[in-house]
file data.cif (mmCIF, C-alpha atoms)
data_final
#
loop_
_atom_site.label_atom_id
_atom_site.label_comp_id
_atom_site.auth_asym_id
_atom_site.auth_seq_id
_atom_site.Cartn_x
_atom_site.Cartn_y
_atom_site.Cartn_z
CA MET A 79 7.22 29.51 19.28
CA LYS A 80 4.82 26.84 20.56
CA LEU A 81 4.04 23.44 19.07
CA TYR A 82 0.83 21.42 19.46
CA PRO A 83 0.05 17.83 18.35
CA ILE A 84 -3.22 17.79 16.41
CA GLU A 85 -4.87 14.37 16.28
CA ALA A 86 -7.02 14.37 13.14
CA GLY A 87 -8.29 10.79 13.48
CA ASN A 88 -7.30 7.14 13.46
CA PHE A 89 -7.73 4.43 10.86
CA LYS A 90 -6.27 1.08 9.85
CA LEU A 91 -4.21 -0.08 6.88
CA ASP A 92 -3.07 -3.45 5.62
CA GLY A 93 0.12 -4.42 7.46
CA GLY A 94 1.61 -6.11 4.43
CA ALA A 95 1.14 -3.00 2.31
CA MET A 96 2.67 -0.89 5.08
CA PHE A 97 5.83 -3.04 5.27
CA GLY A 98 6.32 -4.17 1.68
CA VAL A 99 8.63 -7.18 1.39
CA VAL A 100 9.17 -7.56 5.15
CA PRO A 101 7.48 -10.76 6.42
CA LYS A 102 4.55 -10.45 8.81
CA THR A 103 6.35 -12.60 11.38
CA ILE A 104 8.82 -9.71 11.74
CA TRP A 105 6.71 -6.55 11.46
CA ASN A 106 3.89 -7.98 13.57
CA LYS A 107 6.18 -7.72 16.61
CA THR A 108 6.23 -3.92 16.47
CA ASN A 109 2.95 -3.23 14.66
CA PRO A 110 0.55 -6.03 15.65
CA ALA A 111 -2.22 -6.76 13.17
CA ASP A 112 -5.86 -7.59 13.86
CA THR A 113 -7.66 -10.62 12.41
CA ASN A 114 -8.01 -8.80 9.08
CA ASN A 115 -4.27 -8.11 8.89
CA LEU A 116 -4.87 -4.41 9.57
CA ILE A 117 -2.61 -2.28 11.77
CA ASP A 118 -3.38 0.86 13.77
CA ILE A 119 -2.60 4.14 12.02
CA ALA A 120 -2.79 7.74 13.25
CA ALA A 121 -3.32 11.01 11.39
CA ARG A 122 -1.22 13.13 13.75
CA CYS A 123 -0.70 16.66 12.44
CA LEU A 124 1.48 19.39 13.93
CA LEU A 125 0.43 22.95 14.73
CA ILE A 126 3.10 25.66 14.97
CA GLU A 127 2.30 28.93 16.71
CA ASP A 128 5.00 31.39 15.71
CA GLY A 129 4.26 35.06 16.30
CA ASP A 130 1.21 36.01 14.24
CA ARG A 131 1.39 32.79 12.25
CA LEU A 132 -0.48 29.58 13.02
CA ILE A 133 0.87 26.88 10.71
CA LEU A 134 -0.77 23.46 10.41
CA ILE A 135 1.30 20.62 8.95
CA ASP A 136 -1.02 18.17 7.16
CA THR A 137 -4.75 17.83 7.80
CA GLY A 138 -5.68 14.13 7.85
CA MET A 139 -8.44 12.52 5.78
CA GLY A 140 -11.17 15.07 6.41
CA GLU A 141 -14.86 14.19 6.60
CA LYS A 142 -16.30 14.74 3.12
CA GLN A 143 -15.78 11.31 1.55
CA SER A 144 -18.53 8.70 1.33
CA GLU A 145 -19.32 6.08 3.93
CA LYS A 146 -18.13 3.46 1.43
CA PHE A 147 -14.77 5.24 1.07
CA PHE A 148 -14.18 5.47 4.82
CA GLY A 149 -15.28 1.83 5.15
CA TYR A 150 -12.08 0.79 3.40
CA TYR A 151 -10.01 2.33 6.21
CA SER A 152 -11.77 1.04 9.36
CA LEU A 153 -11.93 4.37 11.19
CA TRP A 154 -11.62 4.10 14.97
CA GLY A 155 -11.25 6.32 18.02
CA THR A 156 -12.75 9.70 18.86
CA HIS A 157 -10.11 12.14 17.63
CA SER A 158 -10.95 14.87 15.15
CA LEU A 159 -9.08 17.87 13.81
CA ASP A 160 -11.61 20.37 15.15
CA LYS A 161 -11.72 18.85 18.64
CA SER A 162 -7.94 18.74 18.75
CA LEU A 163 -7.63 22.39 17.70
CA ALA A 164 -10.25 23.38 20.29
CA LYS A 165 -8.28 21.56 23.00
CA TYR A 166 -5.59 24.23 22.61
CA GLY A 167 -8.00 27.12 22.20
CA PHE A 168 -7.93 27.37 18.39
CA HIS A 169 -10.43 27.21 15.54
CA ARG A 170 -9.73 26.32 11.93
CA ASP A 171 -10.42 29.94 10.95
CA ASP A 172 -7.38 30.95 13.04
CA ILE A 173 -5.01 28.97 10.80
CA THR A 174 -2.84 31.23 8.65
CA ASP A 175 -0.91 28.53 6.74
CA VAL A 176 -1.55 24.89 5.85
CA PHE A 177 1.66 23.09 4.88
CA MET A 178 1.08 19.80 3.07
CA THR A 179 3.92 17.31 3.10
CA HIS A 180 2.25 15.76 0.07
CA LEU A 181 -1.21 15.46 -1.44
CA HIS A 182 -2.21 11.86 -0.71
CA PHE A 183 -5.74 11.83 0.68
CA ASP A 184 -4.76 10.88 4.24
CA HIS A 185 -2.48 13.93 4.45
CA CYS A 186 -4.54 16.64 2.74
CA GLY A 187 -8.17 15.47 2.76
CA GLY A 188 -8.96 17.76 5.68
CA SER A 189 -7.82 20.80 3.70
CA VAL A 190 -11.06 20.87 1.68
CA GLN A 191 -14.69 20.50 2.75
CA TRP A 192 -18.19 20.57 1.31
CA ASN A 193 -19.67 24.03 0.80
CA LYS A 194 -22.85 24.94 2.72
CA ASP A 195 -25.36 23.47 0.26
CA ARG A 196 -23.09 20.49 -0.59
CA SER A 197 -23.09 21.48 -4.25
CA GLY A 198 -19.29 21.64 -4.40
CA TYR A 199 -16.13 22.02 -2.38
CA GLU A 200 -14.29 24.84 -0.67
CA PRO A 201 -11.09 25.24 1.39
CA ALA A 202 -11.65 24.15 4.98
CA PHE A 203 -9.34 26.91 6.24
CA LYS A 204 -10.76 30.08 4.75
CA ASN A 205 -8.03 32.40 6.02
CA ALA A 206 -5.02 30.21 5.25
CA LYS A 207 -2.44 29.96 2.53
CA PHE A 208 -1.99 26.38 1.30
CA TRP A 209 1.61 25.32 0.67
CA SER A 210 2.81 22.63 -1.74
CA ASN A 211 5.56 22.69 -4.37
CA GLU A 212 5.24 22.92 -8.12
CA ASN A 213 6.82 19.55 -8.93
CA HIS A 214 4.56 17.68 -6.53
CA TRP A 215 1.48 19.65 -7.61
CA GLN A 216 2.01 18.62 -11.23
CA TRP A 217 2.60 15.03 -10.11
CA ALA A 218 -0.62 15.01 -8.08
CA THR A 219 -2.88 16.73 -10.61
CA LYS A 220 -1.72 14.49 -13.46
CA PRO A 221 -1.34 11.26 -11.46
CA ASN A 222 0.23 8.02 -12.57
CA PRO A 223 -2.04 4.92 -12.44
CA ARG A 224 -0.35 3.64 -9.28
CA GLU A 225 -1.16 6.76 -7.25
CA LYS A 226 -4.38 7.88 -8.92
CA ALA A 227 -6.54 6.51 -6.09
CA SER A 228 -4.54 8.54 -3.55
CA PHE A 229 -4.67 11.87 -5.40
CA LEU A 230 -8.35 12.85 -5.29
CA PRO A 231 -9.22 15.98 -7.32
CA GLU A 232 -11.77 17.15 -4.75
CA ASN A 233 -8.97 17.23 -2.13
CA ILE A 234 -6.61 19.22 -4.31
CA LEU A 235 -8.11 21.48 -6.97
CA PRO A 236 -10.25 23.71 -4.69
CA MET A 237 -7.06 25.03 -3.09
CA GLN A 238 -5.93 26.39 -6.44
CA GLU A 239 -9.40 27.52 -7.56
CA SER A 240 -9.74 29.61 -4.40
CA GLY A 241 -6.50 31.46 -5.07
CA GLN A 242 -5.08 30.25 -1.73
CA LEU A 243 -2.42 27.91 -3.18
CA HIS A 244 1.28 28.82 -2.89
CA PHE A 245 4.44 26.94 -3.81
CA ILE A 246 7.60 26.34 -1.80
CA GLN A 247 10.67 26.66 -4.02
CA LYS A 248 12.92 23.59 -4.05
CA PRO A 249 16.64 24.35 -3.64
CA GLU A 250 19.43 22.69 -5.57
CA ASN A 251 20.41 20.60 -2.55
CA ASP A 252 18.14 18.49 -0.32
CA PHE A 253 17.38 21.19 2.23
CA VAL A 254 16.00 24.68 2.15
CA ALA A 255 17.60 26.41 5.13
CA ASP A 256 14.91 29.03 5.63
CA SER A 257 11.59 28.51 3.93
CA GLU A 258 8.99 31.26 3.90
CA LEU A 259 7.42 29.49 6.86
CA GLY A 260 10.49 29.71 9.09
CA PHE A 261 11.63 26.09 9.12
CA GLY A 262 13.90 23.90 7.04
CA ILE A 263 12.59 21.28 4.63
CA PHE A 264 13.99 17.95 3.49
CA PHE A 265 12.72 16.89 0.05
CA ALA A 266 12.25 13.17 -0.63
CA ASP A 267 11.18 11.42 -3.85
CA GLY A 268 10.91 7.74 -2.94
CA HIS A 269 7.38 7.73 -1.55
CA THR A 270 6.07 10.25 -4.05
CA GLU A 271 7.52 13.14 -6.05
CA LYS A 272 8.96 15.93 -3.87
CA MET A 273 7.43 15.07 -0.51
CA MET A 274 8.39 17.85 1.94
CA LEU A 275 9.54 17.07 5.49
CA PRO A 276 9.78 20.01 7.92
CA GLN A 277 12.67 20.41 10.38
CA ILE A 278 11.76 22.81 13.17
CA LYS A 279 14.08 24.48 15.66
CA TYR A 280 12.27 24.49 18.99
CA ASN A 281 13.56 25.33 22.48
CA GLY A 282 17.11 24.31 21.62
CA ILE A 283 16.21 21.05 19.88
CA THR A 284 15.27 20.03 16.34
CA ILE A 285 11.93 18.33 15.74
CA CYS A 286 11.52 16.63 12.37
CA PHE A 287 8.24 15.65 10.73
CA PRO A 288 9.17 12.63 8.54
CA ALA A 289 5.63 11.99 7.25
CA ASP A 290 5.69 8.85 5.05
CA LEU A 291 9.47 8.53 4.93
CA LEU A 292 9.14 7.06 8.43
CA PRO A 293 5.45 6.35 9.08
CA THR A 294 5.95 4.44 12.37
CA ALA A 295 8.75 3.52 14.75
CA GLY A 296 8.54 0.00 13.34
CA HIS A 297 9.80 1.28 9.97
CA ILE A 298 13.27 2.34 11.15
CA PRO A 299 15.34 -0.51 9.57
CA LEU A 300 16.24 0.50 6.02
CA PRO A 301 14.52 -2.35 4.12
CA TYR A 302 11.25 -1.70 5.95
CA VAL A 303 9.73 0.34 3.12
CA MET A 304 6.03 0.66 2.39
CA GLY A 305 4.48 -1.08 -0.57
CA TYR A 306 2.81 2.27 -1.30
CA ASP A 307 6.13 3.92 -2.22
CA THR A 308 6.50 4.66 -5.92
CA ARG A 309 10.30 4.34 -5.89
CA PRO A 310 11.28 2.04 -2.99
CA LEU A 311 14.92 1.80 -4.06
CA MET A 312 15.07 5.58 -3.78
CA THR A 313 13.34 5.59 -0.40
CA MET A 314 16.11 3.53 1.21
CA PRO A 315 19.04 5.94 0.62
CA GLU A 316 16.79 8.89 1.48
CA LYS A 317 15.78 7.22 4.71
CA GLU A 318 19.38 6.24 5.45
CA LYS A 319 20.54 9.84 5.06
CA PHE A 320 17.64 11.20 7.08
CA LEU A 321 18.02 8.73 9.95
CA LYS A 322 21.82 9.04 10.08
CA THR A 323 21.46 12.81 10.34
CA ALA A 324 18.78 12.40 13.03
CA ALA A 325 20.95 10.00 15.05
CA ASP A 326 24.11 12.09 14.74
CA ASN A 327 22.33 15.29 15.77
CA HIS A 328 19.86 13.88 18.29
CA TYR A 329 16.82 15.05 16.38
CA TYR A 330 13.34 14.32 17.71
CA LEU A 331 11.06 12.64 15.17
CA PHE A 332 7.36 13.50 15.30
CA LEU A 333 5.55 10.46 13.87
CA GLU A 334 2.45 11.20 11.85
CA HIS A 335 1.14 7.66 11.39
CA ASP A 336 2.27 5.82 14.53
CA ALA A 337 -0.85 5.42 16.66
CA HIS A 338 1.14 4.45 19.75
CA ASN A 339 4.50 6.25 19.55
CA GLU A 340 4.24 10.01 19.19
CA ILE A 341 7.85 11.21 19.23
CA ILE A 342 11.04 9.14 19.07
CA THR A 343 14.79 9.53 18.92
CA VAL A 344 17.18 7.18 17.13
CA GLU A 345 20.81 6.17 17.61
CA ASN A 346 23.63 4.56 15.66
CA THR A 347 24.26 0.89 16.48
CA GLU A 348 26.22 -2.00 14.98
CA LYS A 349 23.04 -2.97 13.12
CA GLY A 350 22.51 0.53 11.78
CA VAL A 351 20.23 3.26 13.08
CA ARG A 352 17.76 1.97 15.65
CA LEU A 353 15.15 3.26 18.07
CA LYS A 354 16.59 5.00 21.14
CA GLU A 355 13.80 6.61 23.16
CA VAL A 356 10.04 7.16 22.94
CA PHE A 357 8.33 10.31 24.18
CA LYS A 358 4.81 11.59 24.57
CA CYS A 359 4.22 14.90 22.87
CA ASP A 360 3.54 16.49 26.24
CA ASP A 361 7.07 15.55 27.38
CA LEU A 362 8.60 17.95 24.85
CA LEU A 363 5.91 20.28 23.61
#

call {"tool": "encode", "arguments": {"input": "data.cif", "output": "structure tokens"}}
result
Amino acid sequence: MKLYPIEAGNFKLDGGAMFGVVPKTIWNKTNPADTNNLIDIAARCLLIEDGDRLILIDTGMGEKQSEKFFGYYSLWGTHSLDKSLAKYGFHRDDITDVFMTHLHFDHCGGSVQWNKDRSGYEPAFKNAKFWSNENHWQWATKPNPREKASFLPENILPMQESGQLHFIQKPENDFVADSELGFGIFFADGHTEKMMLPQIKYNGITICFPADLLPTAGHIPLPYVMGYDTRPLMTMPEKEKFLKTAADNHYYLFLEHDAHNEIITVENTEKGVRLKEVFKCDDLL
């Protein structure tokens, strides 16, 4: 097995929304804001090469939305999904599986693109299976008013219409020991219904992909919960369980949205779980 970090782009989000009830005087120390109160955000995906399979975890925002839409998110930097794949010698047509932690636009927008004459949409990975789960799919395709702006039909429905959509089965407990994709999954409901977080065994270590349960290293303290979460009081015990397990077992956490910290470890302290070490992807992968 080989792992590759895939940088799908960078954008900015409101720092207050990203940290909920935590005052700016506190979160600004770890995630400094610009003059518009915006903080740096990454769309860092993970590519798994495992035998004949090439599995991409999340796909970023994509490129099909309008200039007005992207204007809300202050895009910056030069990263793109295609350039990042090419860096490691791959093309999007090589991808066999696209695993979506959840279907918010900044995680799955790159899964769908315009067709050639821009009359409609088509899957951006023509040879891939797209993986979600049935509970989350229903949640996303019949969205509540709070999340409606994050679940865009053009990002989601073409996967099903193409016949490329498949569902991961949720187990009775929080983990599925061996998914069809060869890694474990932690299910979390605080951010959105049945978000799926991969746990990958790699060269004797475990690398976890916490997605929006832990968007940046600055979100480690339990009350530091995003204003975007639909059930923040559920996020906290989920995060507590996840981080305690990560600290006890020395898991490596691959951060999707932290523009400056790629992989971290955490440890137990008198104040709870806290940041231990920071790594570049190249240090481990």

call {"tool": "resolve_selection", "arguments": {"input": "data.cif", "expression": "the PyMOL selection byres ((chain A and resi 84-88) around 10)", "output": "count of residues only"}}
result
43

call {"tool": "atom_distance", "arguments": {"input": "data.cif", "atom1": "CA of Asn213 (chain A)", "atom2": "CA of Leu292 (chain A)"}}
result
21.5 Å

call {"tool": "residues_around", "arguments": {"input": "data.cif", "residues": "Asp171 (chain A)", "least_positions_apart": "5", "cutoff": "7 Å", "atoms": "all atoms listed in the file", "output": "PDB file with C-alpha atoms, keeping the file's coordinate frame"}}
result
ATOM      1  CA  PHE A 203      -9.340  26.910   6.240  1.00  0.00           C
ATOM      2  CA  LYS A 204     -10.760  30.080   4.750  1.00  0.00           C
ATOM      3  CA  ASN A 205      -8.030  32.400   6.020  1.00  0.00           C
TER       4      ASN A 205
END

call {"tool": "atom_distance", "arguments": {"input": "data.cif", "atom1": "CA of Pro223 (chain A)", "atom2": "CA of Phe147 (chain A)"}}
result
18.6 Å

call {"tool": "atom_distance", "arguments": {"input": "data.cif", "atom1": "CA of Tyr150 (chain A)", "atom2": "CA of Gln191 (chain A)"}}
result
19.9 Å

call {"tool": "closest_residue", "arguments": {"input": "data.cif", "among": "A:Leu91, A:Tyr329, A:Leu363, A:Pro201", "to": "Gly149 (chain A)", "atoms": "only C-alpha atoms"}}
result
A:Leu91

call {"tool": "closest_atom_pairs", "arguments": {"input": "data.cif", "of": "region 89-177 of chain A", "to": "region 303-326 of chain A", "cutoff": "7 Å", "atoms": "all atoms listed in the file", "output": "CSV"}}
result
residue,atom,partner,partner_atom,distance
A:Ala95,CA,A:Gly305,CA,4.8
A:Met96,CA,A:Met304,CA,4.6
A:Phe97,CA,A:Met304,CA,4.7
A:Gly98,CA,A:Gly305,CA,4.2
